[in-house]
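*Asks:* Have a look at the structure that comes next, please.
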Amino acid sequence: MKATGIVRRIDELGRVVIPKEIRNTLRLKSGDPLEIFTERDELTLKKYSPIASLEQFSEGTAKSLNDLSGHLAVICDTDEVLYAAGSGKREFGGKTISKKLEKILEERKSYLANLSEGGDVVPICEESQAEITAQIIVPIVSGGDCLGAVALISTEQGAKIESSAAKLAQLSATILANQF
């Protein structure tokens with residue numbers, strides 16, 4: 001843990017204001033859930049990711065999606081890629097999602113793009129170097145809240161995400177959402 005040099009007082013209701021700079025750095029927005037941990041005299045706040053709490057289930061889902069579809073499968077929360085399965089998975093795992101993907105999640109609508117048909121593919125991560133040629137992104141929505149997304153990605157020239165693969169992604173997102 002690194003010190004920020006910022007000191008804040010607790011008010012009479014037990015509240016502490018997290019400085020704007022830290023909220024921006026950690027991508028915390030109003031209404032985001034935080035998980036609270038304590039150890040001796042330390043208090044740790046961590047942005048809560050419901051999907052990350054289903055670690056084995058989400059990871060298994062990504063692997064199964066890859067096996068069944070033949071495409072790179074990605075599962076992310078609203079901040080970062082949690083799991084990726086298939087060739088090129090190292091390109092995505094643990095990286096922050098792109099602003100364009102964030103916008104798709106905010107809209108809570110599935111997004112399909114095939115470059116070979118003139119579609120506009122969306123980068124999954126800001127710092128990714130992968131040349132995506134086809135993709136389906138399906139938000140995971142539970143109780144009206146977007147928790148993340150399931151995506152199938154291809155980097156092969158002329159690739160298309162076929163309807164059966166798109167249905168697999170939609171089914172996986174629905175199953176993950178129903179876990180909440």
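In the structure tokens, chains take the letters A, B, ... in the order shown, each chain's residues start at 1, and ligands count up from 1 in the order shown.
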Stretch 83-92 of chain A: which residues within 10 Å, counting only C-alpha atoms, same-chain residues fewer than 2 positions away excluded, as a ChimeraX atom specification?
*Replies:* /A:52,55,58-67,70-77,80-81,94-97,124-130,150-155
*Asks:* Let me see the file: selected residues, C-alpha atoms, as a compact mmCIF listing (two decimals), in the first residue's frame.
*Replies:*
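Okay, this is what ended up in again.txt:
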```
# COMPACT_ATOMS: atom_id res chain seq x y z
CA ALA A 52 -15.01 -11.32 -9.66
CA GLU A 55 -14.18 -16.42 -9.88
CA SER A 58 -16.66 -16.95 -14.57
CA GLU A 59 -13.32 -18.49 -15.51
CA GLY A 60 -15.00 -21.78 -16.41
CA THR A 61 -17.58 -19.91 -18.48
CA ALA A 62 -14.83 -18.17 -20.48
CA LYS A 63 -13.07 -21.48 -21.14
CA SER A 64 -16.29 -23.19 -22.21
CA LEU A 65 -17.22 -20.29 -24.49
CA ASN A 66 -13.83 -20.52 -26.15
CA ASP A 67 -14.13 -24.29 -26.59
CA GLY A 70 -13.63 -21.26 -31.33
CA HIS A 71 -13.29 -17.52 -30.61
CA LEU A 72 -11.34 -15.75 -27.91
CA ALA A 73 -13.74 -15.40 -24.97
CA VAL A 74 -13.51 -12.46 -22.58
CA ILE A 75 -15.40 -11.75 -19.36
CA CYS A 76 -15.03 -8.32 -17.81
CA ASP A 77 -16.58 -6.24 -15.08
CA GLU A 80 -11.21 -4.47 -16.29
CA VAL A 81 -10.96 -7.77 -18.10
CA GLY A 94 -6.24 -7.94 -16.23
CA LYS A 95 -6.26 -4.82 -18.41
CA THR A 96 -8.55 -1.82 -18.04
CA ILE A 97 -11.49 -1.79 -20.46
CA ILE A 124 -11.71 -4.16 -25.53
CA CYS A 125 -8.77 -2.55 -23.73
CA GLU A 126 -7.21 0.88 -24.20
CA GLU A 127 -3.66 -0.43 -24.41
CA SER A 128 -4.40 -3.54 -26.49
CA GLN A 129 -2.46 -4.10 -29.69
CA ALA A 130 -4.80 -6.85 -30.97
CA VAL A 150 -19.20 -11.36 -22.10
CA ALA A 151 -17.38 -10.92 -25.40
CA LEU A 152 -16.32 -13.20 -28.23
CA ILE A 153 -13.49 -11.87 -30.36
CA SER A 154 -11.74 -12.90 -33.55
CA THR A 155 -8.48 -11.57 -34.93
```
*Asks:* Any chance you could list, as an MDAnalysis selection string, the residues in chain A that come up helix (DSSP H, G or I) when DSSP is run on the backbone?
*Replies:* chainID A and resid 20:25 50:53 55:69 89:91 99:107 115:117 163:178
*Asks:* Compare A:Gln170, A:Ile22, A:Gly93, A:Ile140 by their minimum atom-to-atom distance to A:Gly5, counting only C-alpha atoms, and give me the closest one.
*Replies:*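 When distances to A:Gly5 are compared using only C-alpha atoms, the smallest one comes from A:Ile22.
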*Asks:* DSSP says strand (DSSP E) for which residues of stretch 43-146 of chain A? Put them as a PyMOL selection string?
*Replies:* chain A and resi 43-47+72-77+81-85+111-114+134-142+145-146
*Asks:* Could you please determine the separation between atom CA of A:Leu26 and atom CA of A:Ile6 in Å, to one decimal place?
*Replies:*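 If I compute the distance from atom CA of A:Leu26 to atom CA of A:Ile6, I get 15.5 Å.
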*Asks:* Determine, counting only C-alpha atoms, which protein, DNA and RNA residues have an atom within 7 Å of an atom of stretch 34-51 of chain A; residues of the same chain fewer than 2 positions away are not included. Present the result as a PDB file with N, CA and C atoms, in the first residue's frame.
*Replies:*
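Everything below was put into selection36.pdb:
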```pdb
ATOM      1  N   ASP A  32     -21.000   3.550  -6.929  1.00  0.00           N
ATOM      2  CA  ASP A  32     -20.211   2.318  -7.035  1.00  0.00           C
ATOM      3  C   ASP A  32     -20.137   1.643  -5.666  1.00  0.00           C
ATOM      4  N   SER A  53     -16.384 -12.058  -7.780  1.00  0.00           N
ATOM      5  CA  SER A  53     -16.704 -12.934  -6.659  1.00  0.00           C
ATOM      6  C   SER A  53     -17.113 -14.334  -7.125  1.00  0.00           C
ATOM      7  N   LEU A  54     -17.468 -14.453  -8.395  1.00  0.00           N
ATOM      8  CA  LEU A  54     -17.792 -15.758  -8.991  1.00  0.00           C
ATOM      9  C   LEU A  54     -16.591 -16.277  -9.770  1.00  0.00           C
ATOM     10  N   ASP A  77     -15.640  -6.998 -15.887  1.00  0.00           N
ATOM     11  CA  ASP A  77     -16.584  -6.239 -15.084  1.00  0.00           C
ATOM     12  C   ASP A  77     -16.615  -4.840 -15.688  1.00  0.00           C
ATOM     13  N   LEU A 147     -23.233  -5.273 -14.749  1.00  0.00           N
ATOM     14  CA  LEU A 147     -22.139  -5.787 -13.926  1.00  0.00           C
ATOM     15  C   LEU A 147     -20.867  -6.015 -14.726  1.00  0.00           C
TER      16      LEU A 147
END
```
*Asks:* Using atom CA of A:Phe57 and atom CA of A:Lys167 as the two end points, give the distance in Å to one decimal.
*Replies:* 19.0 Å
